[in-house]
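Here the structure comes first, spelled out in structure tokens, and everything after it is commentary.
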Amino acid sequence: MLARAISYTTLGLDAVRVFIEVDAVLGLPALTIVGLPDQAVRESRERVRSAVLNSQFHLPSQRFTINLAPADIKKEGGSFDLAIALGLLAASHQLDPAAVESVIALGELALDGAVRPVRGVLPIALGARRTRRPLLVPAANAPEAALVDGLRVVPVRTLTDAAAHLSGASPIPSYVPPPPDGREGDAGDADFADVKGQPHARRALEVASAGGHHVLLIGPPGSGKTLLAQRLPGILPPWTPDEALETSAIHSVAGALDGEPLLARRPFRAPHHTSSAIALIGGGPVPRPGEVSLAHAGVLFLDELPEFPRHVLETLRQPLEEGRVRLARVRRSVTFPSRFMLIAAMNPCPCGYLTDARGRCRCPSTQIQRYLARVSGPLLDRIDLHVDVPALPPEVLQRIEPGESSEEIRRRVAAARARQRARLAPLGLACNAELRPRHLRKVCALTAEAERLLHAAVSELGLSARAYDKILRLGRTIADLAASEGVHAAHIAEAVQYRSLDRTLWV
């Protein structure tokens, strides 16, 4: 007898439907899986056989052939176990084949028949919604799948429960998610009020947050670069439901949701400088998202930037410029979104004290140049703000009062982002950092004085065309923070100072 079950797999963030065809014929007892399965799928034969028998079902002495279609897509992992088991029960007359084919099944089976959670459920639920079929998922994954409106989610704990539900003997109620707890925006104890001094760096991070710009912090050890970066998520504007859903889908594919169906706040990722290019960008035989995609809609913090291998840093060019990563493999390619805010931190020289007012640096000039050359000019051009973070003497720190709280800064940032959304919605953009050169003249209307100032700055500093565009974007963001429709000379002057630091050091 021929029976069919339906499941799903993921390619990048795309859900691909997989038909599990089970054919039972007379012959020597065997269970064969075809259709480009990986080792984990081939091993499902033993998991499924034990789960079926330990769930008080039986397997007839027949030859079972299981085909996973389409055959040109690599199948990996244990998420097909539940669908394969239900197909076997239908092919052996223990379940109604029509009932099995009327649902989508997803889950890994334990040897005793328990259904274990799998990754990638959220993008699969988004794809399964179009079929209008109920989705049978492990009970632990039900909150994640239920985030998708218009989809009936059936939580199952064992193979016996799934079979009883399909036979009508014991229907399982659809999962109803609890109301949201409203935790978004809670940055914990990391507050900008903890940062003493550094008004220039604080202002730079406010500008960066208001426009979604990338930032490079340069200063000696102990000047507060890491402290500033860790507090950046607390001043970012509230994210939209679409951003939360897309970012959670990326973490679901990577298996990084940590038991939460939906990320409660924007991600903050801080990979170590020994990370490989694949860890940063993503990849593998079956492409998985890397740190740049896991930081989508949030912050990617790279501390000790020159300590990263140069070839690893160069892989950041495409995501910084395009907001996405395309991973090509022999059979197919996948694309992951990676529109994040990059916050990088570095010392100005190998010992770290080149810019220290006390003159403690003893690094030879050639050694300093080799150190700075680890970060290429093209990569620097893609970072919008270059900010000096000087060290403050202890006697000064003792006298400085705490600064503004994150909540106060966040209100200004949210207001600036609201102005940008109203202006950029017809262009399909969300913030000023996404502006392309063809949009700049239309959106960034400069006064005559601002125009003259910008041309003079570009000529004197020798900035590239990309840096010129970034100054325009920064000026537009600074004007939005000031609730100004036009971009004035004061806005351009502030924007230019955020591009001058790299030209002081990289000579």
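Naming works like this for the structure tokens: A, B, ... for the chains as they're shown, residue 1 at the start of each chain, ligands 1 onward in shown order.
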Distance query Asp388 (chain A) at most 7 Å, only C-alpha atoms, self and fewer than 3 positions along chain excluded, as a PyMOL selection string: chain A and resi 217-219
File of the preceding selection, N, CA and C atoms, as a PDB file, in the first residue's frame:
```pdb
ATOM      1  N   LEU A 217      34.777  52.884  17.535  1.00  0.00           N
ATOM      2  CA  LEU A 217      35.270  53.575  18.724  1.00  0.00           C
ATOM      3  C   LEU A 217      36.762  53.319  18.864  1.00  0.00           C
ATOM      4  N   ILE A 218      37.550  54.390  18.946  1.00  0.00           N
ATOM      5  CA  ILE A 218      39.009  54.275  19.040  1.00  0.00           C
ATOM      6  C   ILE A 218      39.478  54.961  20.318  1.00  0.00           C
ATOM      7  N   GLY A 219      40.216  54.221  21.141  1.00  0.00           N
ATOM      8  CA  GLY A 219      40.712  54.811  22.375  1.00  0.00           C
ATOM      9  C   GLY A 219      41.586  53.846  23.142  1.00  0.00           C
TER      10      GLY A 219
END
```
Which residues are near Arg339 (chain A)? Cut-off 7 Å, only C-alpha atoms, ignore same chain within fewer than 5 positions. Put them as a PDB file with N, CA and C atoms, in the first residue's frame.
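Saved file result-v6.pdb follows:
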```
ATOM      1  N   HIS A 296      20.789  40.573  13.133  1.00  0.00           N
ATOM      2  CA  HIS A 296      19.851  41.321  12.296  1.00  0.00           C
ATOM      3  C   HIS A 296      18.862  42.110  13.158  1.00  0.00           C
ATOM      4  N   ALA A 297      18.673  43.381  12.808  1.00  0.00           N
ATOM      5  CA  ALA A 297      17.793  44.308  13.538  1.00  0.00           C
ATOM      6  C   ALA A 297      18.323  44.658  14.923  1.00  0.00           C
ATOM      7  N   GLY A 323      23.098  44.794   3.515  1.00  0.00           N
ATOM      8  CA  GLY A 323      22.164  44.340   4.532  1.00  0.00           C
ATOM      9  C   GLY A 323      21.703  42.914   4.354  1.00  0.00           C
ATOM     10  N   ARG A 324      22.482  42.121   3.651  1.00  0.00           N
ATOM     11  CA  ARG A 324      22.141  40.701   3.460  1.00  0.00           C
ATOM     12  C   ARG A 324      23.407  39.928   3.125  1.00  0.00           C
TER      13      ARG A 324
END
```
From A:Leu135, A:Leu126, A:Ala24, A:Ile6, residue lying nearest Ala91 (chain A) [only C-alpha atoms]: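 Nearest candidate to Ala91 (chain A) out of A:Leu135, A:Leu126, A:Ala24, A:Ile6: A:Ala24.
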Considering only C-alpha atoms, tabulate each residue of region 4-78 of chain A that lies at most 8 Å from region 246-257 of chain A along with its nearest interatomic pair and the corresponding distance in Å to one decimal; arrange the rows by chain and ascending residue number and present them as CSV.
```
residue,atom,partner,partner_atom,distance
A:Thr10,CA,A:Val253,CA,7.7
A:Gly12,CA,A:Val253,CA,7.7
A:Leu13,CA,A:Ile250,CA,6.8
```
Distance of CA of Pro134 (chain A) from CA of Tyr175 (chain A), expressed in Å to one decimal place: 11.0 Å
Distance query Gly234 (chain A) at most 12 Å, only C-alpha atoms, self and fewer than 5 positions along chain excluded, as a ChimeraX atom specification: /A:184-193,205-206,209,228-229,239,265-268,298-299,405-411,413-414
Output file for the residues above (N, CA and C atoms, as a PDB file, in the first residue's frame):
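Result written to again.pdb:
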```pdb
ATOM      1  N   GLU A 184       9.753  43.905  25.727  1.00  0.00           N
ATOM      2  CA  GLU A 184      10.610  44.537  24.728  1.00  0.00           C
ATOM      3  C   GLU A 184      11.117  45.878  25.217  1.00  0.00           C
ATOM      4  N   GLY A 185      12.374  46.116  24.983  1.00  0.00           N
ATOM      5  CA  GLY A 185      12.971  47.380  25.370  1.00  0.00           C
ATOM      6  C   GLY A 185      13.641  47.344  26.731  1.00  0.00           C
ATOM      7  N   ASP A 186      13.452  46.272  27.492  1.00  0.00           N
ATOM      8  CA  ASP A 186      14.099  46.170  28.793  1.00  0.00           C
ATOM      9  C   ASP A 186      15.562  45.800  28.582  1.00  0.00           C
ATOM     10  N   ALA A 187      16.441  46.710  28.853  1.00  0.00           N
ATOM     11  CA  ALA A 187      17.871  46.463  28.636  1.00  0.00           C
ATOM     12  C   ALA A 187      18.570  45.996  29.909  1.00  0.00           C
ATOM     13  N   GLY A 188      17.805  45.611  30.919  1.00  0.00           N
ATOM     14  CA  GLY A 188      18.401  45.137  32.154  1.00  0.00           C
ATOM     15  C   GLY A 188      19.093  46.255  32.913  1.00  0.00           C
ATOM     16  N   ASP A 189      20.280  45.962  33.448  1.00  0.00           N
ATOM     17  CA  ASP A 189      21.008  46.941  34.256  1.00  0.00           C
ATOM     18  C   ASP A 189      21.928  47.835  33.430  1.00  0.00           C
ATOM     19  N   ALA A 190      22.044  47.595  32.126  1.00  0.00           N
ATOM     20  CA  ALA A 190      22.946  48.373  31.279  1.00  0.00           C
ATOM     21  C   ALA A 190      22.293  49.696  30.915  1.00  0.00           C
ATOM     22  N   ASP A 191      22.690  50.772  31.572  1.00  0.00           N
ATOM     23  CA  ASP A 191      22.087  52.082  31.362  1.00  0.00           C
ATOM     24  C   ASP A 191      23.180  53.109  31.087  1.00  0.00           C
ATOM     25  N   PHE A 192      22.886  54.052  30.211  1.00  0.00           N
ATOM     26  CA  PHE A 192      23.863  55.092  29.879  1.00  0.00           C
ATOM     27  C   PHE A 192      24.183  55.986  31.081  1.00  0.00           C
ATOM     28  N   ALA A 193      23.333  55.984  32.082  1.00  0.00           N
ATOM     29  CA  ALA A 193      23.627  56.774  33.278  1.00  0.00           C
ATOM     30  C   ALA A 193      24.885  56.267  33.972  1.00  0.00           C
ATOM     31  N   LEU A 205      26.904  57.882  19.639  1.00  0.00           N
ATOM     32  CA  LEU A 205      26.063  56.691  19.694  1.00  0.00           C
ATOM     33  C   LEU A 205      24.586  57.064  19.589  1.00  0.00           C
ATOM     34  N   GLU A 206      24.212  58.221  20.090  1.00  0.00           N
ATOM     35  CA  GLU A 206      22.831  58.677  19.913  1.00  0.00           C
ATOM     36  C   GLU A 206      22.536  58.933  18.435  1.00  0.00           C
ATOM     37  N   SER A 209      22.298  55.529  16.664  1.00  0.00           N
ATOM     38  CA  SER A 209      21.033  54.850  16.935  1.00  0.00           C
ATOM     39  C   SER A 209      19.879  55.507  16.199  1.00  0.00           C
ATOM     40  N   LEU A 228      30.364  51.589  26.652  1.00  0.00           N
ATOM     41  CA  LEU A 228      29.464  52.330  25.765  1.00  0.00           C
ATOM     42  C   LEU A 228      28.731  51.385  24.823  1.00  0.00           C
ATOM     43  N   ALA A 229      29.468  50.449  24.227  1.00  0.00           N
ATOM     44  CA  ALA A 229      28.852  49.540  23.262  1.00  0.00           C
ATOM     45  C   ALA A 229      27.778  48.678  23.914  1.00  0.00           C
ATOM     46  N   TRP A 239      11.358  47.811  18.330  1.00  0.00           N
ATOM     47  CA  TRP A 239      11.312  47.212  16.993  1.00  0.00           C
ATOM     48  C   TRP A 239       9.901  46.825  16.617  1.00  0.00           C
ATOM     49  N   ARG A 265      13.820  41.259  22.802  1.00  0.00           N
ATOM     50  CA  ARG A 265      14.473  42.542  22.525  1.00  0.00           C
ATOM     51  C   ARG A 265      15.465  42.359  21.384  1.00  0.00           C
ATOM     52  N   ARG A 266      15.932  43.461  20.878  1.00  0.00           N
ATOM     53  CA  ARG A 266      16.888  43.414  19.779  1.00  0.00           C
ATOM     54  C   ARG A 266      18.148  42.648  20.204  1.00  0.00           C
ATOM     55  N   PRO A 267      18.709  41.834  19.309  1.00  0.00           N
ATOM     56  CA  PRO A 267      19.878  41.043  19.691  1.00  0.00           C
ATOM     57  C   PRO A 267      21.135  41.893  19.832  1.00  0.00           C
ATOM     58  N   PHE A 268      22.025  41.464  20.694  1.00  0.00           N
ATOM     59  CA  PHE A 268      23.352  42.053  20.859  1.00  0.00           C
ATOM     60  C   PHE A 268      24.343  40.907  20.778  1.00  0.00           C
ATOM     61  N   GLY A 298      19.569  44.273  15.198  1.00  0.00           N
ATOM     62  CA  GLY A 298      20.167  44.582  16.490  1.00  0.00           C
ATOM     63  C   GLY A 298      21.576  45.111  16.339  1.00  0.00           C
ATOM     64  N   VAL A 299      22.470  44.679  17.226  1.00  0.00           N
ATOM     65  CA  VAL A 299      23.825  45.218  17.297  1.00  0.00           C
ATOM     66  C   VAL A 299      24.837  44.085  17.180  1.00  0.00           C
ATOM     67  N   SER A 405      20.020  59.159  31.324  1.00  0.00           N
ATOM     68  CA  SER A 405      19.676  57.743  31.320  1.00  0.00           C
ATOM     69  C   SER A 405      19.377  57.280  29.900  1.00  0.00           C
ATOM     70  N   SER A 406      19.385  55.978  29.712  1.00  0.00           N
ATOM     71  CA  SER A 406      19.077  55.414  28.398  1.00  0.00           C
ATOM     72  C   SER A 406      17.659  55.769  27.964  1.00  0.00           C
ATOM     73  N   GLU A 407      16.727  55.826  28.892  1.00  0.00           N
ATOM     74  CA  GLU A 407      15.342  56.117  28.553  1.00  0.00           C
ATOM     75  C   GLU A 407      15.194  57.518  27.966  1.00  0.00           C
ATOM     76  N   GLU A 408      15.914  58.488  28.513  1.00  0.00           N
ATOM     77  CA  GLU A 408      15.833  59.852  27.989  1.00  0.00           C
ATOM     78  C   GLU A 408      16.390  59.925  26.569  1.00  0.00           C
ATOM     79  N   ILE A 409      17.514  59.274  26.339  1.00  0.00           N
ATOM     80  CA  ILE A 409      18.106  59.274  24.998  1.00  0.00           C
ATOM     81  C   ILE A 409      17.206  58.524  24.030  1.00  0.00           C
ATOM     82  N   ARG A 410      16.624  57.442  24.509  1.00  0.00           N
ATOM     83  CA  ARG A 410      15.790  56.614  23.637  1.00  0.00           C
ATOM     84  C   ARG A 410      14.569  57.374  23.131  1.00  0.00           C
ATOM     85  N   ARG A 411      14.032  58.236  23.936  1.00  0.00           N
ATOM     86  CA  ARG A 411      12.873  59.014  23.480  1.00  0.00           C
ATOM     87  C   ARG A 411      13.246  59.905  22.293  1.00  0.00           C
ATOM     88  N   VAL A 413      15.742  59.350  20.210  1.00  0.00           N
ATOM     89  CA  VAL A 413      16.037  58.454  19.091  1.00  0.00           C
ATOM     90  C   VAL A 413      14.741  57.987  18.426  1.00  0.00           C
ATOM     91  N   ALA A 414      13.751  57.607  19.229  1.00  0.00           N
ATOM     92  CA  ALA A 414      12.474  57.140  18.685  1.00  0.00           C
ATOM     93  C   ALA A 414      11.780  58.239  17.891  1.00  0.00           C
TER      94      ALA A 414
END
```
So that I can check the surroundings of Asp303 (chain A), please list as a CSV table (one decimal) with C-alpha atoms, in the first residue's frame every protein, DNA and RNA residue that reaches within 7 Å of it, counting only C-alpha atoms and ignoring chain neighbours fewer than 3 positions away.
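The result, stored in selection25.csv:
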```
chain,number,residue,atom,x,y,z
A,344,ALA,CA,33.6,48.2,16.5
A,345,ALA,CA,36.2,49.0,19.1
A,346,MET,CA,40.0,49.2,18.8
```
Distance query region 111-117 of chain A at most 7 Å, only C-alpha atoms, self and fewer than 6 positions along chain excluded, as a list in words: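 Contacts, in chain order: Arg47, Ser50, Ala51, Val52, Asn54, Ser55, Pro138, Ala140, Asn141, Val156, Arg157, Thr158 and Leu159 of chain A.
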Secondary structure check, strand (DSSP E) residues of region 107-229 of chain A, as a VMD selection string: chain A and resid 108 to 109 115 to 116 135 to 138 153 to 156 215 to 218
Could you write those residues out with C-alpha atoms, as a short mmCIF file (atom, residue, chain, number, x, y, z; two decimals), in the first residue's frame?
```cif
data_model
loop_
_atom_site.label_atom_id
_atom_site.label_comp_id
_atom_site.auth_asym_id
_atom_site.auth_seq_id
_atom_site.Cartn_x
_atom_site.Cartn_y
_atom_site.Cartn_z
CA GLU A 108 12.20 14.17 16.14
CA LEU A 109 11.32 10.88 17.81
CA VAL A 115 8.46 13.84 20.29
CA ARG A 116 11.49 16.07 20.74
CA LEU A 135 0.69 21.74 11.85
CA LEU A 136 1.64 18.93 14.24
CA VAL A 137 4.73 20.04 16.16
CA PRO A 138 6.54 19.01 19.34
CA VAL A 153 -0.97 24.44 15.73
CA VAL A 154 -1.41 21.01 17.33
CA PRO A 155 1.15 20.28 20.10
CA VAL A 156 2.09 16.61 20.38
CA VAL A 215 30.34 53.15 14.58
CA LEU A 216 34.07 52.66 15.23
CA LEU A 217 35.27 53.58 18.72
CA ILE A 218 39.01 54.28 19.04
#
```
Neighbour list for region 60-65 of chain A as a list in words, cut-off 6 Å, only C-alpha atoms, skip fewer than 2 positions in-chain: Val22, Asp23, Ala24, Val25, Leu26, Gly27, Leu28, Pro29, Ala30, Leu31 and Thr32 of chain A
